[in-house]
$ cat work-v8.txt   # compact mmCIF, C-alpha atoms
# COMPACT_ATOMS: atom_id res chain seq x y z
CA MET L 1 0.00 0.00 0.00
CA ALA L 2 1.29 3.47 -0.89
CA THR L 3 2.32 5.49 2.13
CA CYS L 4 4.92 8.06 3.20
CA LYS L 5 7.80 8.28 5.63
CA ALA L 6 9.78 11.08 7.21
CA ASP L 7 13.51 11.19 6.61
CA PRO L 8 15.05 9.52 9.71
CA SER L 9 18.22 11.60 9.34
CA ILE L 10 16.35 14.82 10.27
CA GLU L 11 17.10 15.84 13.84
CA ARG L 12 14.13 17.03 15.88
CA VAL L 13 14.36 20.42 17.61
CA VAL L 14 13.64 20.18 21.34
CA VAL L 15 13.56 23.18 23.70
CA ASP L 16 12.95 22.72 27.44
CA SER L 17 11.30 19.30 26.82
CA PHE L 18 8.94 20.86 24.24
CA THR L 19 9.32 19.01 20.92
CA PHE L 20 8.71 20.67 17.58
CA PRO L 21 7.47 18.90 14.43
CA LEU L 22 10.29 17.78 12.15
CA GLY L 23 9.09 20.13 9.40
CA VAL L 24 8.62 23.38 11.32
CA TYR L 25 10.88 24.72 14.05
CA PRO L 26 12.26 28.03 15.41
CA VAL L 27 15.55 29.41 14.12
CA GLU L 28 16.01 31.89 16.94
CA THR L 29 16.07 31.56 20.70
CA MET L 30 12.57 31.24 22.18
CA THR L 31 10.72 29.70 25.10
CA PRO L 32 7.88 27.48 23.86
CA SER L 33 4.79 27.20 26.02
CA PRO L 34 1.91 24.70 25.67
CA GLY L 35 -1.61 25.91 26.40
CA TYR L 36 -4.51 27.60 24.66
CA THR L 37 -6.42 30.82 24.16
CA VAL L 38 -10.20 30.99 23.88
CA GLU L 39 -12.48 33.75 22.58
CA PHE L 40 -16.15 34.11 21.73
CA GLU L 41 -17.16 34.79 18.11
CA PRO L 42 -20.71 35.92 17.26
CA ALA L 43 -22.72 34.34 14.43
CA ASP L 44 -21.81 35.31 10.85
CA GLY L 45 -24.06 36.40 8.02
CA ASP L 46 -24.92 33.98 5.20
CA ASP L 47 -22.09 33.05 2.87
CA GLU L 48 -22.20 35.07 -0.35
CA GLU L 49 -22.04 31.96 -2.49
CA GLY L 50 -24.74 30.20 -0.51
CA ASP L 51 -22.56 27.08 -0.15
CA TRP L 52 -22.57 27.04 3.65
CA GLU L 53 -25.16 27.79 6.27
CA GLU L 54 -24.55 30.69 8.62
CA TRP L 55 -21.89 29.87 11.21
CA PRO L 56 -23.52 30.09 14.65
CA ASP L 57 -22.23 31.72 17.83
CA ARG L 58 -19.10 29.79 18.75
CA TYR L 59 -15.97 29.69 20.86
CA VAL L 60 -12.62 29.64 19.08
CA TYR L 61 -9.62 27.93 20.64
CA ASP L 62 -6.00 28.19 19.50
CA ILE L 63 -4.04 25.32 21.04
CA VAL L 64 -0.28 24.80 21.30
CA ILE L 65 0.99 21.35 22.27
CA SER L 66 4.31 19.52 22.04
CA ALA L 67 4.72 17.51 18.82
CA HIS L 68 4.95 14.15 20.62
CA ARG L 69 1.42 14.72 22.02
CA LEU L 70 -0.12 16.31 18.92
CA GLU L 71 -1.54 13.18 17.31
CA ALA L 72 -3.15 11.91 20.52
CA LEU L 73 -4.86 15.25 21.12
CA CYS L 74 -6.04 15.46 17.50
CA HIS L 75 -7.72 12.06 17.69
CA ARG L 76 -9.52 13.08 20.89
CA LEU L 77 -10.63 16.31 19.23
CA PHE L 78 -11.85 14.50 16.13
CA SER L 79 -14.15 12.52 18.44
CA LEU L 80 -16.19 15.76 18.71
CA LEU L 81 -17.17 15.38 15.05
CA PRO L 82 -20.19 13.44 13.78
CA GLY L 83 -19.94 10.45 11.44
CA ARG L 84 -19.77 12.52 8.23
CA ILE L 85 -17.60 15.60 7.80
CA TYR L 86 -16.15 18.08 5.30
CA PRO L 87 -12.34 17.66 5.02
CA ILE L 88 -10.00 20.66 4.72
CA LEU L 89 -6.41 20.78 3.42
CA ASP L 90 -3.88 23.61 3.09
CA VAL L 91 -0.60 23.13 1.23
CA LEU L 92 2.34 25.51 0.77
CA GLY L 93 2.34 25.11 -2.98
CA HIS L 94 3.92 26.21 -6.25
CA ASP L 95 1.72 29.18 -7.20
CA ALA L 96 3.80 32.34 -7.72
CA TYR L 97 1.08 34.68 -6.41
CA ARG L 98 -0.37 32.64 -3.52
CA GLU L 99 1.58 31.15 -0.62
CA ILE L 100 -1.00 28.53 0.41
CA ASP L 101 -3.26 26.39 -1.77
CA PRO L 102 -6.52 26.03 0.21
CA TYR L 103 -8.63 22.94 -0.50
CA ILE L 104 -12.03 22.03 0.91
CA SER L 105 -14.66 19.42 0.20
CA TYR L 106 -18.26 20.45 -0.38
CA ASP L 107 -19.31 16.80 -0.14
CA LEU L 108 -19.60 14.90 3.12
CA ILE L 109 -17.29 11.93 3.61
CA GLY L 110 -17.18 9.37 6.41
CA LEU L 111 -15.12 10.27 9.49
CA ASP L 112 -13.63 6.75 9.45
CA ARG L 113 -12.37 7.34 5.91
CA PHE L 114 -10.82 10.63 7.01
CA LEU L 115 -9.09 9.06 10.03
CA ASP L 116 -7.81 6.12 7.96
CA THR L 117 -6.11 8.61 5.65
CA LEU L 118 -4.48 10.39 8.59
CA ARG L 119 -2.99 7.08 9.71
CA ARG L 120 -1.80 6.14 6.21
CA TYR L 121 0.02 9.45 5.65
CA HIS L 122 0.89 10.06 9.29
CA ASP L 123 4.26 11.77 8.78
CA PHE L 124 2.84 14.10 6.13
CA PHE L 125 0.04 15.35 8.37
CA PHE L 126 1.77 15.45 11.75
CA GLU L 127 5.42 16.17 10.88
CA ASP L 128 5.61 17.92 7.50
CA GLY L 129 5.95 21.69 7.50
CA LEU L 130 4.21 22.25 4.16
CA CYS L 131 0.65 21.21 5.05
CA GLY L 132 -2.28 21.92 7.32
CA PHE L 133 -5.39 19.76 7.62
CA GLY L 134 -8.71 19.47 9.36
CA ALA L 135 -12.45 19.00 9.05
CA MET L 136 -15.73 20.66 9.89
CA SER L 137 -19.37 19.75 10.45
CA GLU L 138 -22.56 21.79 10.53
CA GLN L 139 -24.68 19.68 12.92
CA PRO L 140 -23.23 20.09 15.50
CA PHE L 141 -21.08 23.00 14.41
CA VAL L 142 -17.44 21.95 14.84
CA TYR L 143 -14.39 23.30 12.99
CA LEU L 144 -11.01 21.64 13.61
CA PHE L 145 -7.83 22.65 11.82
CA VAL L 146 -4.13 21.85 12.36
CA ASP L 147 -2.17 24.50 10.48
CA GLU L 148 1.27 24.21 8.87
CA HIS L 149 2.87 25.17 12.23
CA LYS L 150 0.92 22.29 13.84
CA ILE L 151 -1.06 24.77 15.93
CA ILE L 152 -4.66 23.60 16.40
CA THR L 153 -7.67 25.87 15.90
CA VAL L 154 -11.03 24.62 17.17
CA ARG L 155 -14.40 26.32 16.81
CA VAL L 156 -17.41 24.84 18.61
CA GLU L 157 -20.93 25.95 19.39
CA PRO L 158 -21.43 27.12 23.01
CA SER L 159 -23.13 23.87 24.10
CA MET L 160 -19.83 22.02 23.47
CA LYS L 161 -17.51 24.40 25.34
CA GLU L 162 -17.58 22.58 28.67
CA ARG L 163 -16.82 19.24 27.01
CA LEU L 164 -13.87 20.74 25.13
CA ASP L 165 -12.52 22.41 28.28
CA ARG L 166 -12.54 19.06 30.09
CA LEU L 167 -10.81 17.36 27.16
CA LEU L 168 -8.00 19.93 27.15
CA GLU L 169 -7.63 19.58 30.90
CA THR L 170 -6.90 15.85 30.50
CA PHE L 171 -3.85 16.89 28.43
CA ASP L 172 -2.71 19.28 31.19
CA LEU L 173 -3.35 22.25 28.91
CA GLU L 174 -4.29 25.49 30.62
CA PRO L 175 -5.83 28.68 29.21
CA ALA L 176 -3.67 31.75 28.74
CA SER L 177 -3.59 34.05 31.75
CA GLY L 178 -1.52 37.12 32.52
CA ASP L 179 1.96 36.74 31.13
CA VAL L 180 1.52 33.01 30.45
CA ILE L 181 0.78 32.92 26.72
CA PRO L 182 0.91 29.78 24.53
CA ALA L 183 3.91 29.86 22.18
CA GLY L 184 4.73 27.48 19.35
CA ALA L 185 6.96 27.67 16.29
CA ASP L 186 5.00 30.58 14.82
CA SER L 187 5.85 32.76 17.85
CA ALA L 188 9.42 33.28 16.57
CA SER L 189 11.36 33.32 13.33
CA HIS L 190 10.98 29.79 12.02
CA GLU L 191 11.53 27.53 9.08
CA HIS L 192 9.22 25.20 7.13
CA ARG L 193 10.45 22.19 5.22
CA SER L 194 9.21 18.99 3.67
CA VAL L 195 10.38 15.92 5.58
CA LEU L 196 9.22 13.12 3.29
CA LEU L 197 11.45 10.52 1.68
CA ALA L 198 10.48 9.67 -1.90
CA PRO L 199 13.35 7.64 -3.42
CA PRO L 200 12.80 6.79 -7.10
CA ASP L 201 13.43 3.09 -6.43
CA LYS L 202 10.49 2.94 -3.97
CA PRO L 203 7.34 4.05 -5.84
CA ASP L 204 5.14 3.17 -2.86
CA MET L 205 6.80 6.01 -0.87
CA LEU L 206 4.86 9.08 -1.91
CA SER L 207 6.03 12.67 -2.28
CA THR L 208 4.04 15.70 -1.17
CA ASP L 209 2.64 16.29 -4.65
CA GLU L 210 1.55 12.67 -4.98
CA ILE L 211 -0.18 12.70 -1.59
CA VAL L 212 -2.04 15.92 -2.41
CA GLU L 213 -3.16 14.43 -5.71
CA ARG L 214 -4.53 11.37 -3.92
CA LEU L 215 -6.20 13.46 -1.23
CA ARG L 216 -7.99 15.54 -3.85
CA ASP L 217 -9.55 12.30 -5.09
CA ASP L 218 -10.09 10.53 -1.76
CA TRP L 219 -11.49 13.54 0.09
CA GLU L 220 -13.20 15.07 -2.99
CA LEU L 221 -11.34 18.34 -2.48
CA LEU L 222 -11.68 21.49 -4.57
CA LEU L 223 -9.26 24.39 -4.68
CA ASN L 224 -11.06 27.06 -2.65
CA VAL L 225 -10.33 30.08 -4.86
CA ASP L 226 -12.56 31.99 -7.28
CA PRO L 227 -12.03 30.26 -10.65
CA GLU L 228 -13.21 33.31 -12.59
CA GLU L 229 -10.67 35.77 -11.16
CA ASN L 230 -6.90 36.12 -11.36
CA VAL L 231 -5.75 38.04 -8.30
CA ASP L 232 -2.83 37.87 -5.87
CA GLU L 233 -3.08 37.46 -2.09
CA GLN L 234 -3.78 41.19 -1.69
CA GLY L 235 -6.68 41.00 -4.15
CA ARG L 236 -4.88 42.88 -6.92
CA GLU L 237 -5.97 41.97 -10.44
CA LEU L 238 -3.17 40.29 -12.40
CA GLY L 239 -4.72 40.02 -15.86
CA VAL L 240 -3.27 37.36 -18.15
CA THR L 241 -0.44 35.39 -16.50
CA SER L 242 1.62 32.33 -17.37
CA TRP L 243 0.48 28.96 -15.96
CA ARG L 244 1.85 25.46 -15.59
CA VAL L 245 -0.91 22.85 -15.66
CA ILE L 246 -0.36 19.15 -14.99
CA ALA L 247 -3.09 16.82 -16.27
CA ARG L 248 -3.46 13.16 -15.29
CA CYS L 249 -4.55 11.20 -18.33
CA GLU L 250 -5.83 7.68 -18.90
CA VAL L 251 -4.55 6.92 -22.38
CA ASP L 252 -3.83 3.43 -23.70
CA ILE L 253 -0.74 4.17 -25.78
CA SER L 254 1.79 2.11 -23.80
CA ALA L 255 2.07 -0.61 -21.21
CA GLU L 256 1.35 2.07 -18.59
CA PRO L 257 -2.05 3.63 -19.37
CA LEU L 258 -1.81 6.44 -16.80
CA ARG L 259 0.37 9.34 -17.97
CA TYR L 260 0.88 12.97 -17.12
CA ALA L 261 0.81 15.91 -19.51
CA GLU L 262 2.37 19.30 -18.87
CA VAL L 263 0.82 22.36 -20.47
CA LEU L 264 2.48 25.78 -20.28
CA LEU L 265 0.01 28.50 -21.23
CA TYR L 266 -1.24 32.03 -20.80
CA ALA L 267 -4.66 32.58 -19.17
CA GLY L 268 -6.61 35.20 -17.26
CA SER L 269 -8.24 32.90 -14.69
CA LEU L 270 -8.10 29.40 -13.25
CA ARG L 271 -11.17 28.42 -15.26
CA ARG L 272 -9.60 29.55 -18.53
CA ALA L 273 -6.29 27.86 -17.68
CA GLU L 274 -8.06 24.53 -17.15
CA GLU L 275 -10.10 24.93 -20.34
CA ILE L 276 -7.05 25.78 -22.46
CA ALA L 277 -5.09 22.90 -20.91
CA ALA L 278 -7.94 20.47 -21.58
CA ASP L 279 -7.97 21.36 -25.29
CA ALA L 280 -4.18 20.95 -25.42
CA VAL L 281 -4.34 17.50 -23.80
CA LEU L 282 -6.95 16.33 -26.27
CA GLU L 283 -4.74 17.46 -29.14
CA LEU L 284 -1.68 15.84 -27.56
CA ALA L 285 -3.26 12.39 -27.28
CA PRO L 286 -3.61 10.16 -30.36
CA LYS L 287 -7.23 9.47 -29.45
CA PRO L 288 -9.80 10.75 -26.90
CA VAL L 289 -8.64 10.34 -23.29
CA ASP L 290 -10.11 10.65 -19.81
CA TYR L 291 -8.21 13.29 -17.86
CA ASP L 292 -8.19 15.24 -14.59
CA ILE L 293 -6.39 18.47 -13.84
CA ALA L 294 -3.89 17.53 -11.13
CA THR L 295 -2.40 21.00 -10.57
CA ALA L 296 -2.77 24.45 -12.11
CA ASP L 297 -0.26 27.03 -10.88
CA ARG L 298 0.61 30.53 -11.98
CA ILE L 299 4.34 30.85 -12.61
CA GLY L 300 6.83 33.68 -12.99
CA VAL L 301 9.14 34.37 -15.91
CA GLU L 302 12.11 32.43 -14.45
CA THR L 303 10.03 29.33 -13.79
CA LEU L 304 8.45 29.59 -17.23
CA ARG L 305 11.87 29.88 -18.86
CA GLU L 306 13.13 26.80 -16.97
CA ALA L 307 10.03 24.78 -17.79
CA MET L 308 10.28 25.69 -21.46
CA GLY L 309 13.94 24.71 -21.44
CA GLU L 310 13.00 21.28 -20.09
CA ALA L 311 10.47 21.01 -22.90
CA GLY L 312 13.10 21.95 -25.50
CA ALA L 313 11.68 25.40 -26.24
CA ALA L 314 12.89 28.97 -25.73
CA LEU L 315 11.03 31.87 -24.13
CA GLU L 316 10.71 34.96 -26.31
CA ASP L 317 9.30 38.44 -25.68
CA GLU L 318 9.51 38.16 -21.90
CA GLY L 319 8.04 41.59 -21.26
CA ALA L 320 5.24 41.38 -23.80
CA ILE L 321 1.54 41.33 -22.94
CA HIS L 322 0.31 37.94 -24.08
CA GLU L 323 -3.03 36.68 -25.25
CA GLU L 324 -4.54 33.54 -23.77
CA GLY L 325 -3.32 30.32 -25.35
CA VAL L 326 -0.96 27.35 -25.22
CA ILE L 327 2.80 27.87 -25.16
CA VAL L 328 3.99 24.25 -24.95
CA ALA L 329 2.24 20.93 -24.30
CA ARG L 330 4.06 17.65 -23.74
CA TRP L 331 3.98 14.28 -21.98
CA ILE L 332 6.09 14.02 -18.82
CA ASP L 333 7.02 11.08 -16.62
CA ASP L 334 6.50 12.64 -13.20
CA THR L 335 4.94 15.67 -11.61
CA PRO L 336 7.38 18.24 -10.16
CA GLN L 337 8.39 18.16 -6.51
CA LEU L 338 7.82 20.94 -3.98
CA SER L 339 10.93 22.82 -2.94
CA ASP L 340 12.51 21.22 0.10
CA ARG L 341 12.55 24.29 2.25
CA ILE L 342 10.79 27.63 2.64
CA ASP L 343 12.24 30.27 5.00
CA LEU L 344 9.89 32.61 6.83
$ encode --input "work-v8.txt" --output "structure tokens"
Amino acid sequence: MATCKADPSIERVVVDSFTFPLGVYPVETMTPSPGYTVEFEPADGDDEEGDWEEWPDRYVYDIVISAHRLEALCHRLFSLLPGRIYPILDVLGHDAYREIDPYISYDLIGLDRFLDTLRRYHDFFFEDGLCGFGAMSEQPFVYLFVDEHKIITVRVEPSMKERLDRLLETFDLEPASGDVIPAGADSASHEHRSVLLAPPDKPDMLSTDEIVERLRDDWELLLNVDPEENVDEQGRELGVTSWRVIARCEVDISAEPLRYAEVLLYAGSLRRAEEIAADAVLELAPKPVDYDIATADRIGVETLREAMGEAGAALEDEGAIHEEGVIVARWIDDTPQLSDRIDL
């Protein structure tokens, strides 16, 4: 069975008996402190898209705990959820204009299926510094999320507050008071890195990209961005930008029917990038194929130049304003890997 494993050569950072995840740790002197903060949040208005019901009055907890106790606490917290939930995934991805790729499912999946996946990719979820994960439910209202620093955020309706307080007490976690404030890796200058081993001679050991691809299928995740817009994290309109789209194709042209196509293109939105890539894939294949868009990332000039070089093409008119369309389309053997390390 395909799985993942953290690199055993990575040394864990430990400060005053507080252990940090292998993939996120401070790079300056700090004093970590387990514990939690709690605040009341009033009910929201209806979501503009109408996809979710109004979030009710709730309490929000931010919880810091040592890495060696993180998994045990998470499993106790997930016991607050009902039998069917909406999974959530954040990944520090490849997009040049967005630091985090936010995924969410708008379809309910079984909690047992969700928990089985956490066990299968344990080191990715609980040790890797490039991902955050969680789940939510509407009845009862529960939102649980472990971010890329492995800090836990929990939102629960008021009727569940006492139960959650008792649960945190069993882990010897105390609420912030006075000068005692919870402090994890994000409280100081810190570093994120991927910790997964993915040697080419062991195809059952998955990389970050391969796990995300499988999670998008298994958890029925959608990229939670507006597909009709092309804006950066500050909401500024970008117009037509260059994109790198990877499509997973079922095409019976070799002994291995599953192949990947890379399409470099110009487009003014995610929707248009996927449409242009789809047409390119259909032209690339010798006959009609079934395909899924695995990734669609906006890329800068340097990345575009490198990708075109790998495809045997040259980038011209770097400063020109381009119309939407395909630059290069080709078959590739593997999807690209995330960079090993991101400094913050």
$ atom_distance --input "work-v8.txt" --atom1 "CA of Pro199 in chain L" --atom2 "CA of Tyr103 in chain L"
26.9 Å
$ closest_atom_pairs --input "work-v8.txt" --of "range 59-100 of chain L" --to "range 162-175 of chain L" --cutoff "12 Å" --atoms "only C-alpha atoms" --output "Markdown table"
| residue | atom | partner | partner_atom | distance |
| --- | --- | --- | --- | --- |
| L:Tyr59 | CA | L:Leu164 | CA | 10.1 |
| L:Val60 | CA | L:Leu164 | CA | 10.8 |
| L:Tyr61 | CA | L:Pro175 | CA | 9.4 |
| L:Asp62 | CA | L:Pro175 | CA | 9.7 |
| L:Ile63 | CA | L:Leu173 | CA | 8.5 |
| L:Val64 | CA | L:Leu173 | CA | 8.6 |
| L:Ile65 | CA | L:Leu173 | CA | 8.0 |
| L:Ser66 | CA | L:Leu173 | CA | 10.6 |
| L:Arg69 | CA | L:Phe171 | CA | 8.6 |
| L:Leu70 | CA | L:Phe171 | CA | 10.2 |
| L:Glu71 | CA | L:Phe171 | CA | 11.9 |
| L:Ala72 | CA | L:Phe171 | CA | 9.4 |
| L:Leu73 | CA | L:Phe171 | CA | 7.6 |
| L:Cys74 | CA | L:Leu168 | CA | 10.8 |
| L:His75 | CA | L:Leu167 | CA | 11.3 |
| L:Arg76 | CA | L:Leu167 | CA | 7.7 |
| L:Leu77 | CA | L:Leu167 | CA | 8.0 |
| L:Phe78 | CA | L:Leu164 | CA | 11.1 |
| L:Ser79 | CA | L:Leu167 | CA | 10.5 |
| L:Leu80 | CA | L:Leu164 | CA | 8.4 |
| L:Leu81 | CA | L:Leu164 | CA | 11.9 |
$ residues_near_point --input "work-v8.txt" --point "(-8.6, 10.3, -15.4)" --cutoff "7 Å" --atoms "all atoms listed in the file" --output "ChimeraX atom specification"
/L:248-250,290-292
$ atom_distance --input "work-v8.txt" --atom1 "CA of Gly132 in chain L" --atom2 "CA of Val91 in chain L"
6.4 Å
$ closest_residue --input "work-v8.txt" --among "L:Gly184, L:Pro286, L:Gly235, L:Pro227" --to "Met30 in chain L" --atoms "all atoms listed in the file"
L:Gly184
$ residues_around --input "work-v8.txt" --residues "Gly239 in chain L" --least-positions-apart "5" --cutoff "12 Å" --atoms "all atoms listed in the file" --output "list of chain:residue names"
L:Glu228, L:Glu229, L:Asn230, L:Val231, L:Asp232, L:Tyr266, L:Ala267, L:Gly268, L:Ser269, L:Leu270, L:Arg272, L:Arg298, L:Ile321, L:His322, L:Glu323, L:Glu324
